[in-house]
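A.B. asks: Below you'll find upload-v3.txt; it's compact mmCIF, C-alpha atoms.
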# COMPACT_ATOMS: atom_id res chain seq x y z
CA MET A 1 5.75 -9.85 -13.94
CA GLY A 2 7.84 -12.87 -13.09
CA SER A 3 7.38 -15.11 -10.10
CA TYR A 4 10.47 -16.55 -8.49
CA VAL A 5 12.08 -17.33 -5.17
CA ASN A 6 14.64 -14.76 -4.07
CA GLN A 7 16.12 -13.83 -0.68
CA GLU A 8 16.14 -10.21 -1.84
CA TYR A 9 12.34 -10.32 -1.41
CA PHE A 10 12.05 -12.58 1.61
CA ASP A 11 14.56 -10.89 3.92
CA PRO A 12 12.67 -7.56 4.06
CA PHE A 13 9.29 -9.34 3.97
CA PHE A 14 10.07 -11.45 7.04
CA GLY A 15 11.83 -8.50 8.66
CA ASN A 16 8.48 -6.69 8.51
CA PHE A 17 6.77 -9.60 10.30
CA GLU A 18 9.47 -9.82 12.95
CA LYS A 19 8.88 -6.23 14.02
CA HIS A 20 5.71 -7.59 15.62
CA ILE A 21 5.93 -11.39 15.93
CA PRO A 22 8.78 -13.91 15.96
CA LEU A 23 8.71 -16.56 13.23
CA SER A 24 10.46 -19.92 13.26
CA ASP A 25 12.41 -21.17 10.23
CA VAL A 26 9.64 -23.73 9.65
CA GLU A 27 6.98 -20.99 9.65
CA LYS A 28 9.05 -18.88 7.26
CA ARG A 29 9.40 -21.84 4.92
CA ILE A 30 5.66 -22.52 4.96
CA ILE A 31 4.87 -18.87 4.27
CA SER A 32 7.55 -18.42 1.59
CA GLU A 33 6.22 -21.38 -0.39
CA ASN A 34 2.97 -19.45 -0.80
CA LEU A 35 4.28 -16.03 -1.86
CA LYS A 36 4.51 -14.46 -5.29
CA CYS A 37 7.57 -12.27 -5.88
CA MET A 38 7.18 -9.66 -8.62
CA ASP A 39 9.33 -7.14 -10.46
CA VAL A 40 6.83 -4.55 -11.65
CA PRO A 41 7.79 -1.71 -14.02
CA LYS A 42 6.87 1.90 -13.30
CA ASN A 43 3.33 2.99 -14.28
CA THR A 44 1.91 -0.56 -14.14
CA LEU A 45 -1.51 -1.35 -12.68
CA VAL A 46 -1.27 -4.28 -10.27
CA LEU A 47 -4.99 -3.91 -9.46
CA SER A 48 -7.70 -2.28 -11.57
CA GLN A 49 -10.78 -0.61 -10.14
CA GLY A 50 -13.77 -2.89 -10.74
CA SER A 51 -11.77 -6.13 -10.76
CA LYS A 52 -11.88 -8.77 -8.01
CA VAL A 53 -9.32 -8.19 -5.26
CA ASN A 54 -7.31 -11.36 -4.69
CA THR A 55 -3.99 -10.05 -3.39
CA ILE A 56 -2.45 -7.92 -0.66
CA PHE A 57 0.98 -6.54 -1.61
CA TYR A 58 4.07 -5.95 0.48
CA VAL A 59 6.43 -3.33 -1.02
CA VAL A 60 10.03 -4.54 -0.98
CA SER A 61 11.16 -1.50 -2.96
CA GLY A 62 9.60 1.17 -5.11
CA ALA A 63 6.35 3.05 -4.57
CA LEU A 64 2.66 2.62 -5.37
CA ARG A 65 -0.47 4.67 -5.13
CA ALA A 66 -4.12 3.71 -4.75
CA TYR A 67 -6.55 5.93 -6.65
CA HIS A 68 -10.26 6.05 -7.39
CA LEU A 69 -11.74 7.22 -10.69
CA ASN A 70 -15.28 8.60 -10.38
CA GLU A 71 -17.98 8.39 -13.03
CA LYS A 72 -16.89 11.78 -14.44
CA GLY A 73 -13.32 10.57 -14.83
CA LYS A 74 -11.92 12.56 -11.89
CA GLU A 75 -9.02 10.81 -10.23
CA SER A 76 -8.57 10.91 -6.43
CA THR A 77 -5.46 9.45 -4.83
CA VAL A 78 -6.46 7.56 -1.70
CA MET A 79 -3.08 6.43 -0.39
CA PHE A 80 0.55 5.79 -1.19
CA ALA A 81 2.80 2.87 -0.25
CA ILE A 82 6.59 2.85 -0.16
CA ARG A 83 9.28 0.40 0.91
CA ASP A 84 8.24 -1.79 3.86
CA TRP A 85 4.52 -0.92 3.54
CA TRP A 86 1.53 -3.07 2.66
CA ILE A 87 -1.20 -2.06 0.21
CA THR A 88 -4.42 -3.40 -1.29
CA ASP A 89 -8.06 -2.43 -1.66
CA MET A 90 -8.83 -3.54 1.90
CA ASN A 91 -12.61 -3.68 1.53
CA GLY A 92 -12.40 -5.70 -1.67
CA PHE A 93 -9.71 -8.00 -0.27
CA THR A 94 -11.47 -8.65 3.05
CA HIS A 95 -14.90 -9.21 1.50
CA GLN A 96 -13.62 -10.77 -1.73
CA ASP A 97 -15.41 -8.07 -3.66
CA LEU A 98 -14.61 -5.73 -6.55
CA ALA A 99 -11.92 -3.10 -6.17
CA GLN A 100 -12.98 0.48 -5.53
CA VAL A 101 -9.44 1.68 -6.29
CA SER A 102 -6.67 0.94 -8.75
CA LEU A 103 -3.11 0.29 -7.58
CA GLU A 104 -0.36 1.70 -9.78
CA THR A 105 3.43 1.57 -9.43
CA LEU A 106 5.04 5.02 -9.32
CA GLU A 107 8.54 3.57 -9.72
CA ASP A 108 9.97 0.25 -10.79
CA SER A 109 8.92 -1.84 -7.81
CA LYS A 110 9.63 -5.18 -6.18
CA LEU A 111 6.51 -6.60 -4.56
CA VAL A 112 5.54 -9.70 -2.62
CA GLY A 113 1.95 -10.77 -3.24
CA LEU A 114 -0.10 -12.77 -0.76
CA GLY A 115 -3.35 -14.18 -2.13
CA TYR A 116 -6.60 -14.16 -0.17
CA GLU A 117 -7.08 -17.94 -0.13
CA VAL A 118 -3.40 -18.44 0.73
CA LEU A 119 -3.65 -15.96 3.61
CA GLU A 120 -6.79 -17.62 4.98
CA SER A 121 -5.05 -20.99 4.85
CA LEU A 122 -1.92 -19.62 6.54
CA LEU A 123 -4.01 -18.00 9.29
CA ARG A 124 -5.54 -21.41 10.05
CA GLU A 125 -2.20 -23.23 9.90
CA LEU A 126 -0.14 -20.59 11.73
CA PRO A 127 -2.41 -18.89 14.29
CA ARG A 128 0.25 -16.39 15.43
CA LEU A 129 -0.13 -14.66 12.03
CA GLU A 130 -3.53 -13.44 13.27
CA ARG A 131 -1.68 -11.15 15.69
CA PHE A 132 0.51 -9.72 12.93
CA PHE A 133 -2.39 -8.93 10.62
CA ARG A 134 -4.46 -7.52 13.48
CA ILE A 135 -1.61 -5.10 14.26
CA LEU A 136 -1.21 -4.28 10.55
CA PHE A 137 -4.91 -3.52 10.09
CA GLN A 138 -5.12 -1.53 13.34
CA ARG A 139 -2.23 0.67 12.23
CA ALA A 140 -3.82 1.20 8.82
CA TYR A 141 -7.09 2.22 10.49
CA ILE A 142 -5.29 4.64 12.84
CA ARG A 143 -3.36 6.17 9.91
CA GLU A 144 -6.55 6.72 7.91
CA GLN A 145 -8.41 8.15 10.91
CA SER A 146 -5.53 10.56 11.53
CA ARG A 147 -5.58 11.57 7.88
CA LEU A 148 -9.32 12.28 8.01
CA LEU A 149 -8.91 14.37 11.17
CA ARG A 150 -6.10 16.37 9.53
CA GLN A 151 -8.36 17.03 6.54
CA LEU A 152 -11.10 18.28 8.85
CA SER A 153 -8.89 20.40 11.09
CA MET A 154 -6.01 21.71 8.92
CA ASP A 155 -5.86 23.87 5.84
CA VAL A 156 -4.14 22.51 2.72
CA ALA A 157 -0.81 24.23 3.43
CA LYS A 158 -0.53 22.68 6.90
CA ARG A 159 -1.59 19.24 5.61
CA TYR A 160 0.97 19.43 2.82
CA ARG A 161 3.78 20.49 5.17
CA ALA A 162 2.83 17.76 7.68
CA PHE A 163 2.85 15.16 4.88
CA VAL A 164 6.25 16.33 3.57
CA GLU A 165 7.71 16.21 7.06
CA ARG A 166 6.34 12.75 7.82
CA TYR A 167 6.80 11.08 4.41
CA PRO A 168 9.65 12.75 2.47
CA ASN A 169 10.29 9.52 0.52
CA ILE A 170 6.75 9.55 -0.83
CA VAL A 171 6.96 13.21 -1.82
CA ALA A 172 10.11 12.41 -3.82
CA ALA A 173 8.32 9.59 -5.69
CA VAL A 174 5.04 11.27 -6.66
CA SER A 175 4.09 13.92 -9.18
CA GLN A 176 2.54 17.23 -8.17
CA LYS A 177 -0.70 16.11 -9.82
CA GLN A 178 -0.80 12.91 -7.72
CA MET A 179 0.01 14.82 -4.52
CA ALA A 180 -2.70 17.37 -5.32
CA SER A 181 -5.28 14.62 -5.88
CA TYR A 182 -4.29 13.08 -2.52
CA LEU A 183 -4.78 16.44 -0.79
CA GLY A 184 -8.04 17.09 -2.68
CA VAL A 185 -6.88 20.21 -4.53
CA THR A 186 -5.85 21.15 -8.05
CA PRO A 187 -2.16 20.97 -9.05
CA GLU A 188 -2.26 24.74 -9.61
CA PHE A 189 -3.52 25.36 -6.07
CA LEU A 190 -0.87 23.06 -4.64
CA SER A 191 1.76 24.96 -6.60
CA GLN A 192 0.59 28.21 -4.97
CA VAL A 193 0.72 26.55 -1.54
CA LYS A 194 4.26 25.30 -2.13
CA ASN A 195 5.44 28.73 -3.33
CA LYS A 196 4.22 30.58 -0.22
Please express the file's structure as structure tokens.
C.D. replies:
Amino acid sequence: MGSYVNQEYFDPFFGNFEKHIPLSDVEKRIISENLKCMDVPKNTLVLSQGSKVNTIFYVVSGALRAYHLNEKGKESTVMFAIRDWWITDMNGFTHQDLAQVSLETLEDSKLVGLGYEVLESLLRELPRLERFFRILFQRAYIREQSRLLRQLSMDVAKRYRAFVERYPNIVAAVSQKQMASYLGVTPEFLSQVKNK
């Protein structure tokens, strides 16, 4: 994973910010000096469960998934992230604790990493970033609450169809096994659902 300055990373990264807050050229320069740009091959762990969480990742291109491995070795996919999304182990990042999930690239991916200490420093230096990250975290919370409510109120077939309709790019990037673990079913059961 190399670290280098490249507009190919910064244009979409700052475009994501500017959906919610305007940034001056000076602010962009300050932020860009503190970013880590990465080309990450497919099937690479960028965060391992049990390790300290130091980075939040912005996905320039590619796809990632967050998954948890229980003590019996059962894998559960918690979330996916595609182009123009952010991903980390939020609890571990916020509390500077150990990761409860691993983050794995599903495709060759271009990522921008923002370290915890760097982010804290930027939030002090550029207070308007607080608004951006508040919006980002609120949207993540709403998305997860909606997902939980769908799990409680819909059967697997409806949840799968709703996911396919809403996130076709993710469906194209993930295996049936990974999709099944996200939905909480076996790959065989998901296959039956898809064939109905």
A.B. asks: Measure the distance from CA of Val60 (chain A) to CA of Lys28 (chain A) in Å and round it to one decimal.
C.D. replies: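 Result for CA of Val60 (chain A) versus CA of Lys28 (chain A): 16.6 Å, one decimal.
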A.B. asks: From (2.2, 9.6, -7.6), in the file's coordinates, out to 12 Å: which residues are reached, counting all atoms listed in the file? Answer as a PyMOL selection string.
C.D. replies: chain A and resi 42-43+62-67+75-82+103-107+169-183
A.B. asks: Find, counting only C-alpha atoms, the residue in A:Arg29, A:Arg143, A:His95, A:Arg124 that gets nearest to Asn54 (chain A).
C.D. replies: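 Comparing A:Arg29, A:Arg143, A:His95, A:Arg124 against Asn54 (chain A), the winner is A:His95.
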A.B. asks: For a quick check of understanding, using only C-alpha atoms, which of A:Asn16, A:Gln138, A:Ser102, A:Gln151 has the smallest distance to Val59 (chain A)?
C.D. replies: A:Asn16
A.B. asks: Do you have the CA of Thr55 (chain A)-CA of Met38 (chain A) distance handy?
C.D. replies: 12.3 Å
A.B. asks: Find the distance between CA of Tyr116 (chain A) and CA of Glu27 (chain A) and write it in Å to one decimal.
C.D. replies: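 Going from CA of Tyr116 (chain A) over to CA of Glu27 (chain A) covers 18.1 Å.
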A.B. asks: Counting only C-alpha atoms, which residue out of A:Leu69, A:Leu129, A:Ala157, A:Ile142 sits closest to Gly50 (chain A)?
C.D. replies: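 Among A:Leu69, A:Leu129, A:Ala157, A:Ile142, it is A:Leu69 that comes nearest to Gly50 (chain A).
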A.B. asks: Just want the 12 Å neighbourhood of Ala162 (chain A), counted on all atoms listed in the file, with same-chain residues fewer than 6 positions away dropped. Output as a ChimeraX atom specification.
C.D. replies: /A:146-147,150-151,154-156,168,171,183
A.B. asks: For each of A:Trp85, A:Phe17, A:Phe163, A:Phe57, take the minimum atom-to-atom distance to Arg128 (chain A), counting all atoms listed in the file, then give the residue where this is smallest.
C.D. replies: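 Result for the nearest residue to Arg128 (chain A): A:Phe17.
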A.B. asks: Counting all atoms listed in the file, figure out which residue out of A:Lys110, A:Arg159, A:Lys194, A:Arg131 gets nearest to Ser61 (chain A).
C.D. replies: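 Result for the nearest residue to Ser61 (chain A): A:Lys110.
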A.B. asks: Which polymer residues, whether protein, DNA or RNA, lie within 12 Å of the coordinate (-1.2, -11.1, 15.4) when you count all atoms listed in the file? List them as number ranges by chain, using the chain letters and numbers from the file.
C.D. replies: A: 17-23, 123, 126-138
A.B. asks: Kindly save the residues from that selection, with C-alpha atoms included, as a PDB file, keeping the file's coordinate frame.
C.D. replies:
ATOM      1  CA  PHE A  17       6.770  -9.600  10.300  1.00  0.00           C
ATOM      2  CA  GLU A  18       9.470  -9.820  12.950  1.00  0.00           C
ATOM      3  CA  LYS A  19       8.880  -6.230  14.020  1.00  0.00           C
ATOM      4  CA  HIS A  20       5.710  -7.590  15.620  1.00  0.00           C
ATOM      5  CA  ILE A  21       5.930 -11.390  15.930  1.00  0.00           C
ATOM      6  CA  PRO A  22       8.780 -13.910  15.960  1.00  0.00           C
ATOM      7  CA  LEU A  23       8.710 -16.560  13.230  1.00  0.00           C
ATOM      8  CA  LEU A 123      -4.010 -18.000   9.290  1.00  0.00           C
ATOM      9  CA  LEU A 126      -0.140 -20.590  11.730  1.00  0.00           C
ATOM     10  CA  PRO A 127      -2.410 -18.890  14.290  1.00  0.00           C
ATOM     11  CA  ARG A 128       0.250 -16.390  15.430  1.00  0.00           C
ATOM     12  CA  LEU A 129      -0.130 -14.660  12.030  1.00  0.00           C
ATOM     13  CA  GLU A 130      -3.530 -13.440  13.270  1.00  0.00           C
ATOM     14  CA  ARG A 131      -1.680 -11.150  15.690  1.00  0.00           C
ATOM     15  CA  PHE A 132       0.510  -9.720  12.930  1.00  0.00           C
ATOM     16  CA  PHE A 133      -2.390  -8.930  10.620  1.00  0.00           C
ATOM     17  CA  ARG A 134      -4.460  -7.520  13.480  1.00  0.00           C
ATOM     18  CA  ILE A 135      -1.610  -5.100  14.260  1.00  0.00           C
ATOM     19  CA  LEU A 136      -1.210  -4.280  10.550  1.00  0.00           C
ATOM     20  CA  PHE A 137      -4.910  -3.520  10.090  1.00  0.00           C
ATOM     21  CA  GLN A 138      -5.120  -1.530  13.340  1.00  0.00           C
TER      22      GLN A 138
END
A.B. asks: Quick one: 3 Å padding each side, axis-aligned, all listed atoms of region 166-185 of chain A - centre and edge lengths in Å to one decimal, as JSON?
C.D. replies:
{"center_x": 1.1, "center_y": 14.9, "center_z": -1.0, "size_x": 24.3, "size_y": 16.7, "size_z": 23.6}
A.B. asks: Considering all atoms listed in the file, return as number ranges by chain whatever protein or nucleic-acid residues lie within 12 Å of Ser32 (chain A), sequence-local ones (same chain, fewer than 3 positions apart) excluded.
C.D. replies: A: 4-7, 9-11, 13-14, 23, 25-29, 35-37, 112-114, 118-119, 122
A.B. asks: Find, counting only C-alpha atoms, the residue in A:Leu111, A:Val40, A:Leu152, A:Val101 that gets nearest to Ile56 (chain A).
C.D. replies: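 Looking at the shortest contact to Ile56 (chain A), the residue is A:Leu111.
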